[in-house]
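Structure data follow from work25.txt (compact mmCIF, C-alpha atoms):
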# COMPACT_ATOMS: atom_id res chain seq x y z
CA MET Q 438 -74.40 -48.63 99.67
CA LYS Q 439 -71.06 -47.76 101.24
CA GLU Q 440 -70.92 -51.19 102.83
CA PHE Q 441 -70.60 -52.92 99.45
CA SER Q 442 -67.12 -53.70 98.16
CA ARG Q 443 -66.30 -53.50 94.49
CA GLU Q 444 -66.25 -57.32 94.31
CA GLU Q 445 -69.73 -57.55 95.83
CA ILE Q 446 -71.09 -54.91 93.43
CA ASP Q 447 -69.53 -56.75 90.48
CA HIS Q 448 -71.15 -59.98 91.65
CA VAL Q 449 -74.61 -58.34 91.72
CA LEU Q 450 -74.06 -56.86 88.25
CA ASP Q 451 -72.80 -60.19 86.85
CA THR Q 452 -75.90 -61.91 88.26
CA ALA Q 453 -78.15 -59.23 86.76
CA GLU Q 454 -76.57 -59.78 83.36
CA LYS Q 455 -77.26 -63.52 83.55
CA LEU Q 456 -80.89 -62.82 84.45
CA GLU Q 457 -81.46 -60.23 81.72
CA PRO Q 458 -83.10 -62.71 79.29
CA VAL Q 459 -85.56 -63.62 82.06
CA ALA Q 460 -86.26 -59.93 82.69
CA MET Q 461 -87.03 -59.53 78.98
CA GLY Q 462 -89.40 -62.50 79.05
CA VAL Q 463 -87.23 -64.42 76.56
CA GLU Q 464 -86.39 -67.12 79.12
CA LYS Q 465 -88.46 -68.48 81.99
CA SER Q 466 -87.27 -68.85 85.56
CA ARG Q 467 -88.68 -70.53 88.69
CA LEU Q 468 -85.95 -69.27 91.01
CA LEU Q 469 -88.47 -67.77 93.44
CA ASP Q 470 -91.02 -70.58 93.06
CA GLY Q 471 -92.91 -70.94 96.36
CA LYS Q 472 -91.42 -67.72 97.77
CA ILE Q 473 -93.52 -64.79 99.00
CA VAL Q 474 -92.17 -61.25 98.88
CA ALA Q 475 -93.89 -58.47 100.86
CA LEU Q 476 -93.85 -55.00 99.30
CA LEU Q 477 -94.17 -52.42 102.06
CA PHE Q 478 -94.31 -49.01 100.43
CA PHE Q 479 -95.10 -46.35 103.00
CA GLU Q 480 -94.86 -43.57 100.42
CA PRO Q 481 -95.73 -43.33 96.73
CA SER Q 482 -93.53 -44.96 94.10
CA THR Q 483 -94.13 -46.00 90.52
CA ARG Q 484 -90.94 -47.32 88.96
CA THR Q 485 -89.35 -48.88 92.03
CA ARG Q 486 -92.54 -50.62 93.09
CA LEU Q 487 -93.52 -51.88 89.63
CA SER Q 488 -90.01 -53.00 88.72
CA PHE Q 489 -89.74 -54.98 91.95
CA GLU Q 490 -93.14 -56.54 91.29
CA THR Q 491 -92.09 -57.37 87.73
CA ALA Q 492 -88.79 -58.84 88.96
CA ILE Q 493 -90.56 -61.06 91.52
CA GLN Q 494 -93.14 -62.32 89.04
CA ARG Q 495 -90.57 -62.96 86.30
CA LEU Q 496 -88.74 -65.18 88.80
CA GLY Q 497 -91.94 -67.10 89.64
CA GLY Q 498 -92.44 -65.59 93.12
CA GLN Q 499 -95.61 -64.29 94.75
CA VAL Q 500 -96.20 -60.74 95.98
CA ILE Q 501 -98.15 -59.53 99.00
CA ASN Q 502 -98.79 -55.84 99.46
CA LEU Q 503 -99.30 -53.43 102.29
CA GLY Q 504 -101.91 -51.72 100.15
CA SER Q 505 -102.48 -48.10 101.03
CA VAL Q 506 -100.98 -46.81 104.27
CA GLU Q 507 -104.38 -45.28 105.11
CA ALA Q 508 -106.00 -48.72 105.15
CA SER Q 509 -103.25 -50.43 107.16
CA SER Q 510 -102.49 -50.92 110.85
CA VAL Q 511 -100.04 -47.99 110.57
CA MET Q 512 -103.07 -45.71 110.77
CA LYS Q 513 -104.03 -47.41 114.02
CA GLY Q 514 -100.76 -46.24 115.50
CA GLU Q 515 -98.68 -49.39 115.08
CA ASN Q 516 -94.98 -48.65 115.01
CA LEU Q 517 -92.73 -49.78 112.17
CA ALA Q 518 -90.86 -52.25 114.36
CA ASP Q 519 -94.07 -54.19 115.14
CA THR Q 520 -95.23 -54.04 111.51
CA ILE Q 521 -91.93 -55.55 110.42
CA ARG Q 522 -91.98 -58.24 113.14
CA VAL Q 523 -95.45 -59.32 111.94
CA ILE Q 524 -94.87 -59.18 108.17
CA SER Q 525 -91.58 -61.06 108.47
CA LYS Q 526 -93.64 -63.99 109.81
CA TYR Q 527 -95.67 -64.00 106.58
CA ALA Q 528 -93.11 -63.37 103.85
CA ASP Q 529 -89.71 -64.75 102.82
CA LEU Q 530 -88.34 -61.26 102.08
CA ILE Q 531 -89.51 -57.67 102.57
CA VAL Q 532 -88.97 -54.81 100.14
CA MET Q 533 -89.56 -51.54 101.95
CA ARG Q 534 -89.82 -47.85 101.10
CA HIS Q 535 -90.29 -45.45 103.97
CA PRO Q 536 -90.07 -41.66 104.40
CA GLN Q 537 -87.70 -41.71 107.40
CA ASP Q 538 -83.91 -41.89 107.08
CA GLY Q 539 -82.45 -45.13 108.41
CA SER Q 540 -85.80 -46.92 108.58
CA ALA Q 541 -84.60 -49.85 106.44
CA ARG Q 542 -81.65 -50.47 108.73
CA MET Q 543 -83.93 -50.39 111.73
CA ALA Q 544 -86.34 -52.77 109.98
CA SER Q 545 -83.48 -55.23 109.43
CA GLU Q 546 -82.94 -55.30 113.20
CA PHE Q 547 -86.53 -56.43 113.83
CA SER Q 548 -87.05 -58.70 110.83
CA SER Q 549 -86.52 -62.44 110.74
CA VAL Q 550 -86.23 -62.32 106.91
CA PRO Q 551 -84.01 -60.22 104.59
CA ILE Q 552 -85.00 -56.59 103.98
CA ILE Q 553 -84.28 -54.83 100.69
CA ASN Q 554 -84.27 -51.05 100.98
CA GLY Q 555 -86.45 -49.60 98.22
CA GLY Q 556 -85.56 -46.05 99.34
CA ASP Q 557 -85.68 -44.60 102.84
CA GLY Q 558 -85.90 -40.90 103.56
CA SER Q 559 -83.71 -38.60 101.54
CA VAL Q 560 -80.37 -40.39 101.84
CA HIS Q 561 -80.52 -43.99 100.65
CA HIS Q 562 -81.89 -45.66 97.54
CA PRO Q 563 -79.36 -48.43 96.98
CA THR Q 564 -81.24 -50.45 94.35
CA GLN Q 565 -81.31 -47.30 92.18
CA THR Q 566 -77.53 -47.09 92.50
CA PHE Q 567 -77.15 -50.74 91.50
CA LEU Q 568 -79.33 -50.21 88.42
CA ASP Q 569 -77.43 -47.03 87.53
CA LEU Q 570 -74.15 -48.94 87.74
CA TYR Q 571 -75.60 -51.76 85.69
CA THR Q 572 -76.79 -49.31 83.03
CA ILE Q 573 -73.37 -47.66 82.86
CA ARG Q 574 -71.66 -51.04 82.58
CA ARG Q 575 -74.06 -52.25 79.85
CA GLU Q 576 -74.13 -49.05 77.82
CA SER Q 577 -70.63 -47.68 78.44
CA HIS Q 578 -68.00 -48.89 80.93
CA LEU Q 579 -67.34 -48.57 84.68
CA GLU Q 580 -63.56 -48.54 84.89
CA GLY Q 581 -62.09 -45.01 84.78
CA LEU Q 582 -65.34 -43.48 83.54
CA LYS Q 583 -65.55 -39.82 82.55
CA ILE Q 584 -68.94 -38.81 83.91
CA ALA Q 585 -70.83 -35.55 84.33
CA MET Q 586 -73.68 -35.29 86.81
CA ALA Q 587 -76.10 -32.40 86.38
CA GLY Q 588 -79.07 -30.82 88.13
CA ASP Q 589 -79.85 -30.95 91.83
CA LEU Q 590 -76.59 -32.30 93.21
CA LYS Q 591 -77.19 -30.96 96.71
CA TYR Q 592 -80.27 -32.96 97.60
CA GLY Q 593 -80.19 -35.70 94.93
CA ARG Q 594 -79.65 -38.97 96.78
CA THR Q 595 -79.08 -40.94 93.57
CA VAL Q 596 -76.02 -38.87 92.60
CA HIS Q 597 -74.52 -39.06 96.09
CA SER Q 598 -74.63 -42.85 96.18
CA LEU Q 599 -73.51 -43.13 92.57
CA CYS Q 600 -70.45 -40.92 93.21
CA HIS Q 601 -69.33 -43.15 96.02
CA ALA Q 602 -69.89 -46.37 94.07
CA LEU Q 603 -68.08 -45.06 90.97
CA SER Q 604 -65.14 -44.00 93.11
CA LEU Q 605 -64.47 -47.72 93.64
CA TYR Q 606 -63.77 -47.99 89.91
CA GLY Q 607 -61.75 -44.79 89.52
CA ALA Q 608 -63.50 -41.97 87.64
CA GLU Q 609 -63.27 -38.40 86.45
CA MET Q 610 -66.33 -36.50 87.64
CA THR Q 611 -67.75 -33.18 86.51
CA PHE Q 612 -70.57 -31.68 88.56
CA VAL Q 613 -72.87 -29.29 86.70
CA SER Q 614 -75.28 -27.36 88.90
CA PRO Q 615 -76.37 -23.87 89.94
CA PRO Q 616 -74.43 -22.58 92.98
CA GLU Q 617 -77.47 -23.20 95.24
CA LEU Q 618 -77.54 -26.89 94.39
CA ARG Q 619 -73.85 -27.80 94.35
CA MET Q 620 -72.57 -31.18 95.44
CA PRO Q 621 -72.06 -31.11 99.25
CA ALA Q 622 -68.45 -30.19 100.11
CA GLU Q 623 -68.14 -33.25 102.34
CA ILE Q 624 -68.80 -35.57 99.39
CA VAL Q 625 -66.34 -33.69 97.13
CA ARG Q 626 -63.67 -33.92 99.85
CA ASP Q 627 -64.37 -37.62 100.30
CA LEU Q 628 -63.99 -38.23 96.53
CA GLU Q 629 -60.75 -36.28 96.37
CA ARG Q 630 -59.40 -38.31 99.28
CA HIS Q 631 -60.05 -41.36 97.09
CA ASN Q 632 -58.00 -39.75 94.28
CA ILE Q 633 -61.05 -38.96 92.16
CA LYS Q 634 -60.59 -36.02 89.82
CA VAL Q 635 -63.48 -33.61 90.42
CA ARG Q 636 -64.48 -30.54 88.43
CA GLU Q 637 -67.40 -28.24 89.28
CA THR Q 638 -69.17 -25.91 86.87
CA ASP Q 639 -72.58 -24.28 86.40
CA SER Q 640 -73.11 -24.83 82.68
CA PHE Q 641 -72.74 -27.52 80.05
CA GLU Q 642 -70.15 -25.54 78.09
CA ASP Q 643 -66.85 -27.42 77.83
CA VAL Q 644 -68.46 -30.53 79.30
CA MET Q 645 -70.23 -32.20 76.41
CA GLY Q 646 -67.23 -32.96 74.24
CA ASP Q 647 -65.35 -34.64 77.01
CA VAL Q 648 -67.65 -36.97 78.96
CA GLU Q 649 -68.78 -40.54 78.28
CA VAL Q 650 -71.84 -40.53 80.53
CA LEU Q 651 -74.09 -37.62 81.46
CA TYR Q 652 -76.29 -38.33 84.47
CA MET Q 653 -79.17 -35.85 84.56
CA THR Q 654 -81.39 -35.19 87.56
CA ARG Q 655 -84.50 -33.12 88.06
CA VAL Q 656 -84.28 -29.67 89.63
CA GLN Q 657 -87.30 -29.33 91.88
CA GLN Q 658 -89.15 -26.03 91.95
CA GLU Q 659 -89.60 -26.15 95.75
CA ARG Q 660 -85.83 -25.73 96.19
CA PHE Q 661 -86.16 -22.15 94.88
CA PRO Q 662 -88.12 -19.55 96.87
CA ASP Q 663 -88.00 -17.23 93.84
CA PRO Q 664 -89.95 -18.65 90.83
CA GLU Q 665 -87.97 -16.47 88.39
CA GLU Q 666 -84.70 -17.92 89.63
CA TYR Q 667 -86.10 -21.43 89.15
CA GLU Q 668 -87.07 -20.63 85.56
CA LYS Q 669 -83.53 -19.39 84.81
CA VAL Q 670 -81.85 -22.45 86.29
CA LYS Q 671 -84.32 -24.83 84.68
CA ASN Q 672 -83.55 -23.49 81.23
CA ARG Q 673 -79.80 -23.35 81.76
CA LEU Q 674 -79.67 -27.01 82.75
CA LYS Q 675 -81.66 -28.37 79.86
CA ILE Q 676 -80.32 -30.93 77.41
CA THR Q 677 -81.48 -30.46 73.84
CA GLY Q 678 -80.67 -32.12 70.55
CA GLU Q 679 -78.84 -28.96 69.50
CA LEU Q 680 -76.62 -29.05 72.59
CA LEU Q 681 -75.68 -32.63 71.78
CA GLU Q 682 -74.28 -31.75 68.35
CA GLY Q 683 -70.82 -31.25 69.83
CA ALA Q 684 -70.98 -34.36 71.97
CA SER Q 685 -68.96 -37.50 71.56
CA PRO Q 686 -70.90 -40.11 69.53
CA ASP Q 687 -70.47 -42.53 72.43
CA LEU Q 688 -72.00 -40.18 75.02
CA LYS Q 689 -74.80 -41.88 76.97
CA ILE Q 690 -77.42 -39.89 78.88
CA LEU Q 691 -78.98 -41.36 82.00
CA HIS Q 692 -81.79 -40.05 84.20
CA PRO Q 693 -83.43 -41.75 87.19
CA LEU Q 694 -86.82 -40.41 85.97
CA PRO Q 695 -89.36 -38.91 86.20
CA ARG Q 696 -88.07 -36.04 84.07
CA VAL Q 697 -89.94 -32.79 83.76
CA ASN Q 698 -88.29 -30.68 81.08
CA GLU Q 699 -84.56 -31.12 81.74
CA ILE Q 700 -84.23 -33.42 78.73
CA ALA Q 701 -85.99 -32.19 75.60
CA PRO Q 702 -88.11 -34.79 73.75
CA ASP Q 703 -85.88 -34.45 70.66
CA VAL Q 704 -83.11 -36.19 72.63
CA ASP Q 705 -85.23 -39.34 73.08
CA ASP Q 706 -84.60 -40.65 69.58
CA THR Q 707 -80.85 -40.00 69.54
CA PRO Q 708 -78.36 -42.81 70.24
CA HIS Q 709 -77.37 -40.87 73.37
CA ALA Q 710 -80.66 -41.46 75.20
CA CYS Q 711 -80.40 -44.34 77.66
CA TYR Q 712 -82.95 -43.44 80.33
CA PHE Q 713 -85.69 -45.78 79.19
CA GLU Q 714 -83.23 -48.70 78.95
CA GLN Q 715 -82.06 -47.62 82.40
CA ALA Q 716 -85.63 -48.02 83.70
CA PHE Q 717 -85.74 -51.53 82.21
CA TYR Q 718 -82.38 -52.46 83.74
CA GLY Q 719 -84.05 -51.93 87.11
CA VAL Q 720 -85.77 -55.29 86.53
CA PRO Q 721 -82.72 -57.59 86.08
CA THR Q 722 -80.84 -55.66 88.77
CA ARG Q 723 -83.65 -56.12 91.28
CA MET Q 724 -84.03 -59.75 90.21
CA ALA Q 725 -80.37 -60.29 91.06
CA LEU Q 726 -80.72 -58.58 94.46
CA LEU Q 727 -83.85 -60.60 95.30
CA ALA Q 728 -82.28 -63.91 94.27
CA LEU Q 729 -79.01 -63.23 96.09
CA ALA Q 730 -80.73 -61.97 99.25
CA MET Q 731 -82.93 -65.08 99.37
CA GLY Q 732 -79.98 -67.35 98.73
CA VAL Q 733 -81.47 -69.02 95.65
CA ILE Q 734 -78.36 -67.95 93.71
CA GLU Q 735 -74.90 -67.86 95.24
CA MET S 977 -52.74 -22.95 149.82
CA THR S 978 -53.02 -26.74 149.38
CA GLU S 979 -55.18 -27.00 152.48
CA LYS S 980 -57.48 -24.26 151.23
CA ARG S 981 -57.88 -25.91 147.84
CA ASN S 982 -58.69 -29.28 149.43
CA LEU S 983 -61.56 -27.67 151.30
CA LYS S 984 -63.29 -27.06 148.00
CA VAL S 985 -63.93 -30.77 147.47
CA GLN S 986 -63.15 -33.35 150.11
CA ALA S 987 -61.17 -36.49 149.34
CA ILE S 988 -63.45 -39.49 148.91
CA GLU S 989 -63.15 -42.84 150.67
CA ASN S 990 -64.41 -45.06 147.85
CA GLY S 991 -65.51 -44.21 144.31
CA THR S 992 -64.29 -42.49 141.16
CA VAL S 993 -62.53 -39.19 140.56
CA ILE S 994 -62.54 -37.83 137.03
CA ASP S 995 -59.83 -35.22 136.58
CA HIS S 996 -58.59 -33.02 133.72
CA ILE S 997 -62.07 -32.51 132.29
CA LYS S 998 -62.20 -29.61 129.85
CA ALA S 999 -63.37 -26.54 131.82
CA GLY S 1000 -67.13 -26.16 131.73
CA GLN S 1001 -67.88 -29.78 130.85
CA ALA S 1002 -68.43 -31.23 134.37
CA LEU S 1003 -72.21 -31.20 134.16
CA ASN S 1004 -72.09 -32.80 130.72
CA VAL S 1005 -69.81 -35.52 132.09
CA LEU S 1006 -72.46 -36.30 134.71
CA ARG S 1007 -75.09 -36.27 131.99
CA ILE S 1008 -73.14 -38.61 129.73
CA LEU S 1009 -72.74 -40.99 132.68
CA GLY S 1010 -76.46 -40.87 133.41
CA ILE S 1011 -75.88 -39.39 136.88
CA PHE S 1012 -78.82 -37.18 137.75
CA ALA S 1013 -80.33 -35.65 140.90
CA ASP S 1014 -81.96 -38.94 141.90
CA CYS S 1015 -78.65 -40.82 142.34
CA ARG S 1016 -78.06 -42.05 145.91
CA GLY S 1017 -74.35 -41.39 146.52
CA THR S 1018 -72.65 -38.05 147.00
CA VAL S 1019 -71.47 -36.41 143.81
CA SER S 1020 -69.29 -33.33 143.97
CA PHE S 1021 -67.50 -31.32 141.37
CA VAL S 1022 -65.26 -28.34 140.86
CA MET S 1023 -65.50 -26.15 137.81
CA ASN S 1024 -62.77 -23.92 136.41
CA ALA S 1025 -60.14 -25.18 138.85
CA PRO S 1026 -56.59 -24.02 138.08
CA GLY S 1027 -54.41 -26.83 136.73
CA ALA S 1028 -50.96 -27.22 135.23
CA LYS S 1029 -52.43 -26.96 131.70
CA GLY S 1030 -54.99 -24.23 132.40
CA ARG S 1031 -58.50 -24.35 133.82
CA LYS S 1032 -60.19 -27.72 134.27
CA ASP S 1033 -63.20 -29.39 135.89
CA VAL S 1034 -63.06 -32.29 138.37
CA VAL S 1035 -65.89 -34.69 139.25
CA LYS S 1036 -65.96 -37.00 142.31
CA ILE S 1037 -68.52 -39.79 142.55
CA GLU S 1038 -68.66 -41.51 145.93
CA GLY S 1039 -69.48 -45.17 146.41
CA ARG S 1040 -69.42 -46.05 142.76
CA GLU S 1041 -66.64 -47.43 140.60
CA LEU S 1042 -67.51 -46.72 136.99
CA ASN S 1043 -66.88 -49.45 134.44
CA VAL S 1044 -64.63 -49.06 131.40
CA GLU S 1045 -67.49 -48.56 128.95
CA GLU S 1046 -68.99 -45.76 131.09
CA LEU S 1047 -65.64 -44.08 131.50
CA ASN S 1048 -64.70 -44.17 127.85
CA ARG S 1049 -67.99 -42.51 126.96
CA ILE S 1050 -66.59 -39.42 128.69
CA SER S 1051 -63.95 -39.12 125.99
CA LEU S 1052 -66.63 -37.90 123.56
CA ILE S 1053 -66.68 -34.55 125.38
CA ALA S 1054 -63.52 -34.67 127.52
CA PRO S 1055 -60.87 -36.55 125.52
CA ASN S 1056 -58.04 -35.68 127.95
CA ALA S 1057 -59.81 -36.72 131.16
CA THR S 1058 -58.07 -39.05 133.61
CA VAL S 1059 -59.92 -41.43 135.87
CA ASN S 1060 -58.90 -42.45 139.38
CA ILE S 1061 -60.58 -45.38 141.10
CA ILE S 1062 -60.38 -44.78 144.86
CA ARG S 1063 -60.55 -47.37 147.66
CA ASP S 1064 -59.91 -46.48 151.32
CA PHE S 1065 -58.78 -42.99 150.29
CA GLU S 1066 -56.03 -44.54 148.11
CA VAL S 1067 -55.79 -44.37 144.32
CA LEU S 1068 -56.25 -47.98 143.24
CA GLN S 1069 -56.09 -47.29 139.50
CA LYS S 1070 -55.32 -44.24 137.39
CA LYS S 1071 -55.99 -44.23 133.66
CA LYS S 1072 -56.81 -42.02 130.68
CA VAL S 1073 -60.16 -42.33 128.92
CA VAL S 1074 -60.10 -44.02 125.52
CA LEU S 1075 -62.36 -43.04 122.65
CA PRO S 1076 -64.89 -45.88 122.09
CA THR S 1077 -65.56 -47.09 118.53
CA TYR S 1078 -69.33 -47.25 119.11
CA VAL S 1079 -71.86 -45.55 121.41
CA GLU S 1080 -75.53 -46.37 121.96
CA GLY S 1081 -78.23 -44.22 123.54
CA VAL S 1082 -75.79 -41.47 124.50
CA VAL S 1083 -76.16 -38.84 121.78
CA ARG S 1084 -79.23 -37.82 119.80
CA CYS S 1085 -78.92 -37.73 115.98
CA ILE S 1086 -78.99 -34.19 114.57
CA ASN S 1087 -81.14 -35.27 111.62
CA PRO S 1088 -84.77 -34.64 112.64
CA ASN S 1089 -85.92 -37.15 110.00
CA CYS S 1090 -83.72 -39.95 111.37
CA ILE S 1091 -85.67 -43.02 112.48
CA SER S 1092 -83.78 -42.89 115.80
CA ASN S 1093 -85.61 -39.62 116.57
CA SER S 1094 -89.02 -41.25 116.16
CA THR S 1095 -91.15 -43.17 118.67
CA GLU S 1096 -89.75 -46.52 117.45
CA PRO S 1097 -88.37 -48.77 120.23
CA ILE S 1098 -84.69 -48.16 119.42
CA LYS S 1099 -81.76 -46.24 120.87
CA SER S 1100 -79.51 -43.96 118.84
CA ARG S 1101 -76.37 -45.72 117.59
CA PHE S 1102 -73.18 -44.07 116.37
CA SER S 1103 -69.78 -45.17 115.18
CA VAL S 1104 -67.01 -43.00 116.63
CA VAL S 1105 -63.78 -41.97 114.91
CA HIS S 1106 -61.05 -39.37 115.32
CA SER S 1107 -61.31 -36.60 112.72
CA GLU S 1108 -58.26 -35.56 110.70
CA GLU S 1109 -58.12 -32.41 112.82
CA GLY S 1110 -57.89 -34.46 116.02
CA GLY S 1111 -61.53 -33.99 117.08
CA VAL S 1112 -64.26 -36.57 117.53
CA VAL S 1113 -66.68 -37.52 114.73
CA LEU S 1114 -69.89 -39.46 115.31
CA ARG S 1115 -71.66 -41.12 112.37
CA CYS S 1116 -75.27 -42.23 112.88
CA LEU S 1117 -75.58 -45.93 112.09
CA TYR S 1118 -79.16 -45.42 110.92
CA CYS S 1119 -79.08 -42.33 108.66
CA GLU S 1120 -75.28 -41.74 108.36
CA HIS S 1121 -75.53 -38.08 109.42
CA VAL S 1122 -72.32 -36.87 111.00
CA ILE S 1123 -71.84 -34.90 114.24
CA SER S 1124 -68.41 -33.32 114.39
CA GLU S 1125 -68.86 -30.38 116.74
CA ASN S 1126 -70.73 -29.41 119.92
CA ILE S 1127 -71.35 -33.06 120.79
CA ALA S 1128 -72.34 -32.10 124.36
CA GLU S 1129 -75.35 -30.22 122.97
CA HIS S 1130 -76.74 -33.44 121.56
CA LEU S 1131 -76.47 -35.64 124.64
CA VAL S 1132 -79.64 -37.66 125.26
Could you write out this file's structure as structure tokens?
Amino acid sequence: MKEFSREEIDHVLDTAEKLEPVAMGVEKSRLLDGKIVALLFFEPSTRTRLSFETAIQRLGGQVINLGSVEASSVMKGENLADTIRVISKYADLIVMRHPQDGSARMASEFSSVPIINGGDGSVHHPTQTFLDLYTIRRESHLEGLKIAMAGDLKYGRTVHSLCHALSLYGAEMTFVSPPELRMPAEIVRDLERHNIKVRETDSFEDVMGDVEVLYMTRVQQERFPDPEEYEKVKNRLKITGELLEGASPDLKILHPLPRVNEIAPDVDDTPHACYFEQAFYGVPTRMALLALAMGVIE
Amino acid sequence: MTEKRNLKVQAIENGTVIDHIKAGQALNVLRILGIFADCRGTVSFVMNAPGAKGRKDVVKIEGRELNVEELNRISLIAPNATVNIIRDFEVLQKKKVVLPTYVEGVVRCINPNCISNSTEPIKSRFSVVHSEEGGVVLRCLYCEHVISENIAEHLV
């Protein structure tokens, strides 16, 4: 994600906006007519996989699938490089998710067709960042945004990429997390070097009245050896309708989903809730990335 | 005194002398150059030799003139090293190592989940920059993990 300039990101988001009526099914498109996209998902995924498949089909393209890893040549010991060399002879583009860090970059070195990284390892998930940016632009604004990010900021790859991308637009960032799951110091230093105002806290007090976007993430139980500690943190970092009473009317809440209990169901029907729209925005965003990567749109 | 010190390592007729290596790093310099026990020429080195700026290591490789890319790799662990190319016992060229901007297959990524640590047919790849503190920082081009200290411990 760090390789994209602000101009390139804007171009993807502009393209996504133009394709939104197609994503909604209001307009038809044959942009990917005659094109075959291979979905190689080496680990489970629901939203990313289905939104890519929706995006491809809405644009008139065809999908081929790896199927289950257990039933593929991977189980016979084939390495990823060979798998990519073979599949790139079948398809016009490959969308890949893989458990190892850097696997998408390696795949691009062996592929004769474009690769879109649908998430590799624990560091990169660039199409999620694009859809997060698109959601923020559609529902709020990108320039000089006042944003709070909450939950697991230590391991959450979506917040790391989002921080960097938002720094290109100037932003004021508040990080809300328990001490064990704070934003890595290296990222905070990097943001401050880019003149981004950063504030760190462990509760929502003093945050709600001030921010325009609240980006929630899930705190995973396995990060806490002590179950009691997990329960405490889980409840402290929960957004409820009551908590939102003091919030700005324009506050938008995002979440990459799936949520567990960090956003109470009574928030869903408030004008603040944006996470289901955010899931939909994955479709036009991925349509834009597919069309641009295949060169059917300039 | 000079005569006694010269006995420690003889002058070489042809080859490369790497001087001003940080004390204790001579073996790592050989490792980073891929010079192991099976190399044909004579390789000699001095560790902890007294120098004008404190203790240093010196490495002499006979019969081989290292190329620029090989020499600059040394800067990852010995940024102040100087290199002398020797022909007929004379110093033909003397230069300082320069930090490369990119290294391949030299250092192993510290991230165990990095694809470069798997059985895939690839070599590790890093971009190299000076840190703000004047040290060396390697960034993995696959997983973006950063190595900023004890680089010698991660040599391939």
Non-local contacts of S:Leu1052 (12 Å; only C-alpha atoms; under 3 positions in same chain excluded) as a PDB file with C-alpha atoms, in the coordinates of the input:
ATOM      1  CA  ILE S 997     -62.070 -32.510 132.290  1.00  0.00           C
ATOM      2  CA  LYS S 998     -62.200 -29.610 129.850  1.00  0.00           C
ATOM      3  CA  GLN S1001     -67.880 -29.780 130.850  1.00  0.00           C
ATOM      4  CA  ASN S1004     -72.090 -32.800 130.720  1.00  0.00           C
ATOM      5  CA  VAL S1005     -69.810 -35.520 132.090  1.00  0.00           C
ATOM      6  CA  ILE S1008     -73.140 -38.610 129.730  1.00  0.00           C
ATOM      7  CA  LEU S1009     -72.740 -40.990 132.680  1.00  0.00           C
ATOM      8  CA  GLU S1045     -67.490 -48.560 128.950  1.00  0.00           C
ATOM      9  CA  GLU S1046     -68.990 -45.760 131.090  1.00  0.00           C
ATOM     10  CA  LEU S1047     -65.640 -44.080 131.500  1.00  0.00           C
ATOM     11  CA  ASN S1048     -64.700 -44.170 127.850  1.00  0.00           C
ATOM     12  CA  ARG S1049     -67.990 -42.510 126.960  1.00  0.00           C
ATOM     13  CA  PRO S1055     -60.870 -36.550 125.520  1.00  0.00           C
ATOM     14  CA  ASN S1056     -58.040 -35.680 127.950  1.00  0.00           C
ATOM     15  CA  ALA S1057     -59.810 -36.720 131.160  1.00  0.00           C
ATOM     16  CA  VAL S1073     -60.160 -42.330 128.920  1.00  0.00           C
ATOM     17  CA  VAL S1074     -60.100 -44.020 125.520  1.00  0.00           C
ATOM     18  CA  LEU S1075     -62.360 -43.040 122.650  1.00  0.00           C
ATOM     19  CA  PRO S1076     -64.890 -45.880 122.090  1.00  0.00           C
ATOM     20  CA  THR S1077     -65.560 -47.090 118.530  1.00  0.00           C
ATOM     21  CA  TYR S1078     -69.330 -47.250 119.110  1.00  0.00           C
ATOM     22  CA  VAL S1079     -71.860 -45.550 121.410  1.00  0.00           C
ATOM     23  CA  VAL S1082     -75.790 -41.470 124.500  1.00  0.00           C
ATOM     24  CA  VAL S1083     -76.160 -38.840 121.780  1.00  0.00           C
ATOM     25  CA  PHE S1102     -73.180 -44.070 116.370  1.00  0.00           C
ATOM     26  CA  SER S1103     -69.780 -45.170 115.180  1.00  0.00           C
ATOM     27  CA  VAL S1104     -67.010 -43.000 116.630  1.00  0.00           C
ATOM     28  CA  VAL S1105     -63.780 -41.970 114.910  1.00  0.00           C
ATOM     29  CA  HIS S1106     -61.050 -39.370 115.320  1.00  0.00           C
ATOM     30  CA  GLY S1111     -61.530 -33.990 117.080  1.00  0.00           C
ATOM     31  CA  VAL S1112     -64.260 -36.570 117.530  1.00  0.00           C
ATOM     32  CA  VAL S1113     -66.680 -37.520 114.730  1.00  0.00           C
ATOM     33  CA  LEU S1114     -69.890 -39.460 115.310  1.00  0.00           C
ATOM     34  CA  ILE S1123     -71.840 -34.900 114.240  1.00  0.00           C
ATOM     35  CA  SER S1124     -68.410 -33.320 114.390  1.00  0.00           C
ATOM     36  CA  GLU S1125     -68.860 -30.380 116.740  1.00  0.00           C
ATOM     37  CA  ASN S1126     -70.730 -29.410 119.920  1.00  0.00           C
ATOM     38  CA  ILE S1127     -71.350 -33.060 120.790  1.00  0.00           C
ATOM     39  CA  ALA S1128     -72.340 -32.100 124.360  1.00  0.00           C
ATOM     40  CA  GLU S1129     -75.350 -30.220 122.970  1.00  0.00           C
ATOM     41  CA  HIS S1130     -76.740 -33.440 121.560  1.00  0.00           C
ATOM     42  CA  LEU S1131     -76.470 -35.640 124.640  1.00  0.00           C
TER      43      LEU S1131
END
Problem - Which of Q:Phe441, Q:Phe479, Q:Phe547, Q:Tyr667 sits closest to chain S [using all atoms listed in the file] - result: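 Looking only at the distances to chain S, the closest residue turns out to be Q:Phe547.
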Practice task
Return the neighbours of chain Q among the residues of chain S, cut-off 7 Å, counting all atoms listed in the file, as a list in words.
Solution key: Asn1089, Cys1090, Ile1091, Glu1096, Tyr1118 and Cys1119 of chain S
